[in-house]
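K.L.:
My questions will all concern the structure given below.
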2 protein chains.
Amino acid sequence: MSNNGYTGHVELHEPDLTAVPVTAVLAALADDVRLQIVRALAEGGEHACNTFDIGVSKATRSHHLKVLREAGITRTRAAGTSRYVRLRRDELNKLYPGLLDAVLTPRPPA
Amino acid sequence: MSNNGYTGHVELHEPDLTAVPVTAVLAALADDVRLQIVRALAEGGEHACNTFDIGVSKATRSHHLKVLREAGITRTRAAGTSRYVRLRRDELNKLYPGLLDAVLTPRPPA
DNA sequence: TCCAATGTTCGAGTATCTTCGAACCAACGG
DNA sequence: CCGTTGGTTCGAAGATACTCGAACATTGGA
């Protein structure tokens with residue numbers, strides 16, 4: 001067997017947003033690196049993983065993308081050796097109206 | 001001197017909301033106990049500290065109230081031996097419209 | 001077929017968070 | 001004036017979280 005946990009062809013774990021506790025969504029957004037990712041996604045549509053200009057190793061980047069994905073904030077599509085990430089913007093806005101805007105705005109004008 | 005950090009008659013540290021990083025606000029809300037507190041405050045107006053029915057010791061309760069206060073989410077008033085806490089609802093709604101609602105609603109209907 | 005590129009996972013180090021009991025302070029009441 | 005009551009702070013224990021290098025899997029091209 002030698003199942004070391006690597007499944008290859010990974011089944012991306014992308015939960016139903018209604019099944020994710022609010023605290024998990026908030027916790028996922030309560031990190032500077034992940035917020036950078038979310039902001040980049042908000043303007044850029046779809047991003048390949050390696051196009052994020054955050055200052056961390058690829059292991060760390062992978063970790064943060066996983067946290068966002070499992071919190072129901074992003075969706076990931078695999079194509080070739082790359083992976084493309086996008087925001088689940090509509091779902092988020094429907095379930096938590098205002099949340100994304102609150103987070104995306106760099107500094108709301110008073 | 002013997003300044004052990006206890007100031008008695010504590011100067012309550014209640015920051016300007018615009019000075020609090022978004023991540024700090026989100027992190028403050030990303031906890032079940034604190035969310036219980038916020039929800040109680042949202043319906044109840046002003047609460048004395050000991051009227052929260054969360055299942056933790058008073059030390060822990062004090063800790064969480066401090067986190068909320070220093071994140072700019074609550075304001076505290078001292079009267080006699082008690083302390084009265086209230087939500088900074090208007091400020092939050094102005095700076096992060098939708099955030100409180102997103103957090104307060106137990107389970108938004110799809 | 002072998003190698004390079006892209007991501008993921010593991011393991012470990014470090015830091016931060018949550019929680020509590022104990023000790024403490026301040027205000028009020030007998 | 002002393003004890004009670006409401007809250008805070010301290011110190012410590014345990015649990016999570018962030019970060020990285022190393023090792024690995026998968027794809028695609030030379």
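Labels for the structure tokens follow display order: chains A, B, ..., residues from 1 in each chain, ligands from 1.
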Kindly provide, as a list in words, the residues of chain C having any atom no farther than 10 Å from an atom of chain A, counting only C-alpha atoms (C1' of nucleotides).

P.N.:
DA5, DT6, DG7, DT8, DT9 and DC10 of chain C

K.L.:
Could you please select, counting only C-alpha atoms, the residues of chain A within 12 Å of chain B and state them as an MDAnalysis selection string?

P.N.:
chainID A and resid 16:36 90:110

K.L.:
Take the residues from that selection and write them out as a compact mmCIF listing (two decimals), in the first residue's frame, keeping N, CA and C atoms.

P.N.:
# COMPACT_ATOMS: atom_id res chain seq x y z
N ASP A 16 -19.36 23.02 0.79
CA ASP A 16 -20.52 23.88 0.65
C ASP A 16 -20.35 25.02 1.66
N LEU A 17 -20.51 26.24 1.18
CA LEU A 17 -20.28 27.39 2.06
C LEU A 17 -21.18 27.37 3.30
N THR A 18 -22.40 26.89 3.14
CA THR A 18 -23.31 26.88 4.28
C THR A 18 -22.86 25.89 5.34
N ALA A 19 -21.95 25.00 4.97
CA ALA A 19 -21.48 24.00 5.93
C ALA A 19 -20.25 24.47 6.68
N VAL A 20 -19.71 25.60 6.29
CA VAL A 20 -18.52 26.12 6.95
C VAL A 20 -18.94 27.09 8.07
N PRO A 21 -18.45 26.85 9.28
CA PRO A 21 -18.79 27.76 10.38
C PRO A 21 -18.28 29.17 10.08
N VAL A 22 -19.07 30.14 10.53
CA VAL A 22 -18.66 31.52 10.30
C VAL A 22 -17.27 31.78 10.84
N THR A 23 -16.98 31.22 11.99
CA THR A 23 -15.68 31.45 12.59
C THR A 23 -14.56 30.97 11.68
N ALA A 24 -14.81 29.90 10.93
CA ALA A 24 -13.78 29.39 10.03
C ALA A 24 -13.55 30.35 8.87
N VAL A 25 -14.64 30.91 8.36
CA VAL A 25 -14.51 31.89 7.28
C VAL A 25 -13.73 33.11 7.76
N LEU A 26 -14.11 33.59 8.93
CA LEU A 26 -13.44 34.77 9.48
C LEU A 26 -11.98 34.47 9.76
N ALA A 27 -11.71 33.31 10.33
CA ALA A 27 -10.33 32.95 10.65
C ALA A 27 -9.50 32.87 9.37
N ALA A 28 -10.11 32.36 8.32
CA ALA A 28 -9.38 32.25 7.06
C ALA A 28 -9.00 33.63 6.52
N LEU A 29 -9.86 34.60 6.79
CA LEU A 29 -9.60 35.95 6.27
C LEU A 29 -8.74 36.77 7.22
N ALA A 30 -8.54 36.27 8.41
CA ALA A 30 -7.82 37.04 9.43
C ALA A 30 -6.32 36.78 9.38
N ASP A 31 -5.76 36.88 8.20
CA ASP A 31 -4.32 36.66 8.04
C ASP A 31 -3.84 37.52 6.89
N ASP A 32 -2.72 38.18 7.08
CA ASP A 32 -2.26 39.14 6.10
C ASP A 32 -1.94 38.51 4.76
N VAL A 33 -1.26 37.38 4.80
CA VAL A 33 -0.89 36.73 3.54
C VAL A 33 -2.14 36.32 2.78
N ARG A 34 -3.06 35.70 3.49
CA ARG A 34 -4.28 35.25 2.80
C ARG A 34 -5.10 36.42 2.30
N LEU A 35 -5.06 37.53 3.03
CA LEU A 35 -5.79 38.70 2.58
C LEU A 35 -5.16 39.24 1.30
N GLN A 36 -3.87 39.19 1.20
CA GLN A 36 -3.20 39.58 -0.04
C GLN A 36 -3.70 38.72 -1.19
N ASP A 90 -19.67 35.29 -5.73
CA ASP A 90 -21.13 35.34 -5.69
C ASP A 90 -21.68 34.62 -4.47
N GLU A 91 -21.15 33.44 -4.22
CA GLU A 91 -21.64 32.68 -3.07
C GLU A 91 -21.38 33.42 -1.77
N LEU A 92 -20.19 33.99 -1.67
CA LEU A 92 -19.85 34.73 -0.46
C LEU A 92 -20.77 35.93 -0.30
N ASN A 93 -20.98 36.65 -1.39
CA ASN A 93 -21.83 37.84 -1.29
C ASN A 93 -23.26 37.48 -0.95
N LYS A 94 -23.68 36.32 -1.39
CA LYS A 94 -25.06 35.92 -1.10
C LYS A 94 -25.21 35.52 0.36
N LEU A 95 -24.22 34.77 0.83
CA LEU A 95 -24.33 34.23 2.19
C LEU A 95 -23.89 35.25 3.24
N TYR A 96 -22.90 36.03 2.91
CA TYR A 96 -22.40 37.03 3.85
C TYR A 96 -22.28 38.38 3.16
N PRO A 97 -23.41 38.99 2.84
CA PRO A 97 -23.35 40.24 2.08
C PRO A 97 -22.55 41.29 2.83
N GLY A 98 -21.62 41.91 2.14
CA GLY A 98 -20.83 42.96 2.75
C GLY A 98 -19.50 42.49 3.27
N LEU A 99 -19.40 41.22 3.52
CA LEU A 99 -18.16 40.72 4.12
C LEU A 99 -16.95 40.92 3.21
N LEU A 100 -17.08 40.50 1.97
CA LEU A 100 -15.97 40.65 1.05
C LEU A 100 -15.59 42.11 0.86
N ASP A 101 -16.59 42.94 0.66
CA ASP A 101 -16.30 44.36 0.48
C ASP A 101 -15.58 44.92 1.69
N ALA A 102 -16.04 44.53 2.86
CA ALA A 102 -15.41 45.01 4.08
C ALA A 102 -13.94 44.64 4.12
N VAL A 103 -13.65 43.48 3.61
CA VAL A 103 -12.28 42.97 3.67
C VAL A 103 -11.42 43.51 2.53
N LEU A 104 -12.08 43.72 1.39
CA LEU A 104 -11.33 44.11 0.19
C LEU A 104 -10.91 45.57 0.20
N THR A 105 -11.78 46.40 0.70
CA THR A 105 -11.47 47.83 0.72
C THR A 105 -10.25 48.07 1.57
N PRO A 106 -9.19 48.63 1.01
CA PRO A 106 -7.94 48.82 1.74
C PRO A 106 -8.15 49.70 2.96
N ARG A 107 -8.81 50.81 2.78
CA ARG A 107 -9.09 51.70 3.91
C ARG A 107 -10.35 52.49 3.61
N PRO A 108 -11.46 52.00 4.13
CA PRO A 108 -12.74 52.66 3.85
C PRO A 108 -12.71 54.12 4.26
N PRO A 109 -13.16 55.01 3.42
CA PRO A 109 -13.14 56.44 3.70
C PRO A 109 -14.12 56.79 4.81
N ALA A 110 -13.64 56.73 6.04
CA ALA A 110 -14.43 57.08 7.23
C ALA A 110 -15.82 56.50 7.17

K.L.:
If you count only C-alpha atoms (C1' of nucleotides), which residues fall within 7 Å of Thr74 (chain A), apart from same-chain ones fewer than 5 positions away, as a PDB file with C-alpha atoms, in the first residue's frame?

P.N.:
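Output contents, as saved in selection.pdb:
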ATOM      1  CA  LEU A  68      -8.864  29.499   1.805  1.00  0.00           C
ATOM      2  CA  ARG A  69     -10.167  26.622  -0.253  1.00  0.00           C
ATOM      3  CA  VAL A  85      -7.624  29.714  -8.269  1.00  0.00           C
ATOM      4  CA  ARG A  86     -10.629  32.002  -8.207  1.00  0.00           C
ATOM      5  CA  LEU A  87     -12.829  33.679  -5.623  1.00  0.00           C
ATOM      6  CA  ARG A  88     -16.255  32.273  -4.840  1.00  0.00           C
TER       7      ARG A  88
END

K.L.:
Using DSSP on the backbone, list every residue of chain A that comes out as helix (DSSP H, G or I), and give them as a PyMOL selection string.

P.N.:
chain A and resi 17-19+22-29+32-44+49-51+58-70+89-95+99-104

K.L.:
Closest to DC20 (chain C) among D:DA17, D:DC10, D:DA30, D:DA22, using only C-alpha atoms (C1' of nucleotides)?

P.N.:
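Ranking D:DA17, D:DC10, D:DA30, D:DA22 by distance to DC20 (chain C), first place goes to D:DC10.
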
K.L.:
Write out, as CSV, each residue of chain D that has an atom at most 12 Å from chain B, together with the closest pair of atoms and their distance in Å to one decimal, counting only C-alpha atoms (C1' of nucleotides), rows going by chain and rising number.

P.N.:
residue,atom,partner,partner_atom,distance
D:DT4,C1',B:Thr81,CA,11.6
D:DT5,C1',B:Thr81,CA,7.9
D:DG6,C1',B:Thr81,CA,5.5
D:DG7,C1',B:Ser62,CA,7.2
D:DT8,C1',B:Ser62,CA,7.3
D:DT9,C1',B:Tyr6,CA,7.0
D:DC10,C1',B:Asn4,CA,9.6

K.L.:
Selected residues, N, CA and C atoms (P, O5', C5', C4', C3', O3' and C1' of nucleotides), written as a PDB file, in the first residue's frame, please.

P.N.:
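Written out: result.pdb:
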ATOM      1  P    DT D   4     -16.652  36.755  53.919  1.00  0.00           P
ATOM      2  O5'  DT D   4     -17.529  37.322  52.718  1.00  0.00           O
ATOM      3  C5'  DT D   4     -18.599  38.233  53.005  1.00  0.00           C
ATOM      4  C4'  DT D   4     -19.049  38.916  51.730  1.00  0.00           C
ATOM      5  C3'  DT D   4     -18.939  38.067  50.460  1.00  0.00           C
ATOM      6  O3'  DT D   4     -20.131  38.195  49.708  1.00  0.00           O
ATOM      7  C1'  DT D   4     -17.833  40.132  50.148  1.00  0.00           C
ATOM      8  P    DT D   5     -20.439  37.225  48.546  1.00  0.00           P
ATOM      9  O5'  DT D   5     -20.471  38.166  47.253  1.00  0.00           O
ATOM     10  C5'  DT D   5     -21.006  39.495  47.349  1.00  0.00           C
ATOM     11  C4'  DT D   5     -20.510  40.327  46.188  1.00  0.00           C
ATOM     12  C3'  DT D   5     -20.285  39.527  44.903  1.00  0.00           C
ATOM     13  O3'  DT D   5     -20.920  40.194  43.826  1.00  0.00           O
ATOM     14  C1'  DT D   5     -18.395  40.835  45.379  1.00  0.00           C
ATOM     15  P    DG D   6     -21.010  39.519  42.412  1.00  0.00           P
ATOM     16  O5'  DG D   6     -20.059  40.445  41.511  1.00  0.00           O
ATOM     17  C5'  DG D   6     -20.398  41.815  41.316  1.00  0.00           C
ATOM     18  C4'  DG D   6     -19.331  42.480  40.474  1.00  0.00           C
ATOM     19  C3'  DG D   6     -19.005  41.723  39.187  1.00  0.00           C
ATOM     20  O3'  DG D   6     -18.830  42.656  38.124  1.00  0.00           O
ATOM     21  C1'  DG D   6     -17.054  41.953  40.509  1.00  0.00           C
ATOM     22  P    DG D   7     -18.670  42.119  36.636  1.00  0.00           P
ATOM     23  O5'  DG D   7     -17.238  42.632  36.212  1.00  0.00           O
ATOM     24  C5'  DG D   7     -16.164  42.443  37.105  1.00  0.00           C
ATOM     25  C4'  DG D   7     -14.915  43.163  36.675  1.00  0.00           C
ATOM     26  C3'  DG D   7     -14.246  42.543  35.449  1.00  0.00           C
ATOM     27  O3'  DG D   7     -13.492  43.525  34.738  1.00  0.00           O
ATOM     28  C1'  DG D   7     -12.963  42.116  37.413  1.00  0.00           C
ATOM     29  P    DT D   8     -12.639  43.120  33.505  1.00  0.00           P
ATOM     30  O5'  DT D   8     -11.156  43.099  34.081  1.00  0.00           O
ATOM     31  C5'  DT D   8     -10.617  44.297  34.632  1.00  0.00           C
ATOM     32  C4'  DT D   8      -9.254  43.997  35.234  1.00  0.00           C
ATOM     33  C3'  DT D   8      -8.229  43.458  34.241  1.00  0.00           C
ATOM     34  O3'  DT D   8      -7.096  44.314  34.237  1.00  0.00           O
ATOM     35  C1'  DT D   8      -8.287  42.137  36.208  1.00  0.00           C
ATOM     36  P    DT D   9      -5.965  44.128  33.184  1.00  0.00           P
ATOM     37  O5'  DT D   9      -4.889  43.170  33.896  1.00  0.00           O
ATOM     38  C5'  DT D   9      -4.171  43.651  35.006  1.00  0.00           C
ATOM     39  C4'  DT D   9      -3.341  42.536  35.618  1.00  0.00           C
ATOM     40  C3'  DT D   9      -2.354  41.855  34.653  1.00  0.00           C
ATOM     41  O3'  DT D   9      -1.038  42.031  35.148  1.00  0.00           O
ATOM     42  C1'  DT D   9      -3.578  40.263  35.926  1.00  0.00           C
ATOM     43  P    DC D  10       0.213  41.529  34.309  1.00  0.00           P
ATOM     44  O5'  DC D  10       0.535  40.129  35.010  1.00  0.00           O
ATOM     45  C5'  DC D  10       0.586  40.074  36.436  1.00  0.00           C
ATOM     46  C4'  DC D  10       0.888  38.663  36.912  1.00  0.00           C
ATOM     47  C3'  DC D  10       1.857  37.898  36.024  1.00  0.00           C
ATOM     48  O3'  DC D  10       2.839  37.259  36.827  1.00  0.00           O
ATOM     49  C1'  DC D  10      -0.130  36.651  36.328  1.00  0.00           C
TER      50       DC D  10
END

K.L.:
Interatomic distance between CA of Arg75 (chain A) and C1' of DG11 (chain C)?

P.N.:
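Calculated distance between CA of Arg75 (chain A) and C1' of DG11 (chain C) is 28.0 Å.
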
K.L.:
Taking the chain letters and numbering used in this document, name the residues of region 14-95 of chain A that DSSP puts in strand (DSSP E or B), as a PyMOL selection string.

P.N.:
chain A and resi 46-48+74-79+82-87

K.L.:
Restricting it to N, CA and C atoms, dump the selection as a PDB file, in the first residue's frame.

P.N.:
ATOM      1  N   GLU A  46      -8.998  35.065 -12.390  1.00  0.00           N
ATOM      2  CA  GLU A  46      -8.398  33.776 -12.087  1.00  0.00           C
ATOM      3  C   GLU A  46      -6.876  33.894 -12.065  1.00  0.00           C
ATOM      4  N   HIS A  47      -6.266  33.308 -11.049  1.00  0.00           N
ATOM      5  CA  HIS A  47      -4.820  33.379 -10.908  1.00  0.00           C
ATOM      6  C   HIS A  47      -4.227  31.975 -10.913  1.00  0.00           C
ATOM      7  N   ALA A  48      -3.114  31.817 -11.599  1.00  0.00           N
ATOM      8  CA  ALA A  48      -2.318  30.620 -11.391  1.00  0.00           C
ATOM      9  C   ALA A  48      -1.616  30.769 -10.052  1.00  0.00           C
ATOM     10  N   THR A  74     -12.356  30.068  -1.868  1.00  0.00           N
ATOM     11  CA  THR A  74     -11.864  29.969  -3.242  1.00  0.00           C
ATOM     12  C   THR A  74     -12.241  28.631  -3.866  1.00  0.00           C
ATOM     13  N   ARG A  75     -12.105  28.598  -5.176  1.00  0.00           N
ATOM     14  CA  ARG A  75     -12.283  27.365  -5.911  1.00  0.00           C
ATOM     15  C   ARG A  75     -11.051  27.156  -6.770  1.00  0.00           C
ATOM     16  N   THR A  76     -10.655  25.913  -6.958  1.00  0.00           N
ATOM     17  CA  THR A  76      -9.412  25.643  -7.658  1.00  0.00           C
ATOM     18  C   THR A  76      -9.643  24.677  -8.813  1.00  0.00           C
ATOM     19  N   ARG A  77      -9.003  25.012  -9.911  1.00  0.00           N
ATOM     20  CA  ARG A  77      -9.134  24.194 -11.113  1.00  0.00           C
ATOM     21  C   ARG A  77      -7.742  23.750 -11.522  1.00  0.00           C
ATOM     22  N   ALA A  78      -7.581  22.476 -11.818  1.00  0.00           N
ATOM     23  CA  ALA A  78      -6.274  21.975 -12.221  1.00  0.00           C
ATOM     24  C   ALA A  78      -6.197  21.897 -13.737  1.00  0.00           C
ATOM     25  N   ALA A  79      -5.082  22.355 -14.289  1.00  0.00           N
ATOM     26  CA  ALA A  79      -4.884  22.301 -15.733  1.00  0.00           C
ATOM     27  C   ALA A  79      -3.402  22.135 -15.998  1.00  0.00           C
ATOM     28  N   SER A  82      -0.291  23.153 -13.676  1.00  0.00           N
ATOM     29  CA  SER A  82      -0.651  24.336 -12.885  1.00  0.00           C
ATOM     30  C   SER A  82      -2.012  24.182 -12.238  1.00  0.00           C
ATOM     31  N   ARG A  83      -2.299  25.127 -11.399  1.00  0.00           N
ATOM     32  CA  ARG A  83      -3.608  25.168 -10.763  1.00  0.00           C
ATOM     33  C   ARG A  83      -4.100  26.598 -10.780  1.00  0.00           C
ATOM     34  N   TYR A  84      -5.360  26.751 -11.074  1.00  0.00           N
ATOM     35  CA  TYR A  84      -5.917  28.085 -11.200  1.00  0.00           C
ATOM     36  C   TYR A  84      -6.953  28.309 -10.111  1.00  0.00           C
ATOM     37  N   VAL A  85      -6.786  29.412  -9.426  1.00  0.00           N
ATOM     38  CA  VAL A  85      -7.624  29.714  -8.269  1.00  0.00           C
ATOM     39  C   VAL A  85      -8.520  30.900  -8.576  1.00  0.00           C
ATOM     40  N   ARG A  86      -9.745  30.848  -8.061  1.00  0.00           N
ATOM     41  CA  ARG A  86     -10.629  32.002  -8.207  1.00  0.00           C
ATOM     42  C   ARG A  86     -11.484  32.162  -6.963  1.00  0.00           C
ATOM     43  N   LEU A  87     -11.982  33.361  -6.769  1.00  0.00           N
ATOM     44  CA  LEU A  87     -12.829  33.679  -5.623  1.00  0.00           C
ATOM     45  C   LEU A  87     -14.233  33.135  -5.831  1.00  0.00           C
TER      46      LEU A  87
END
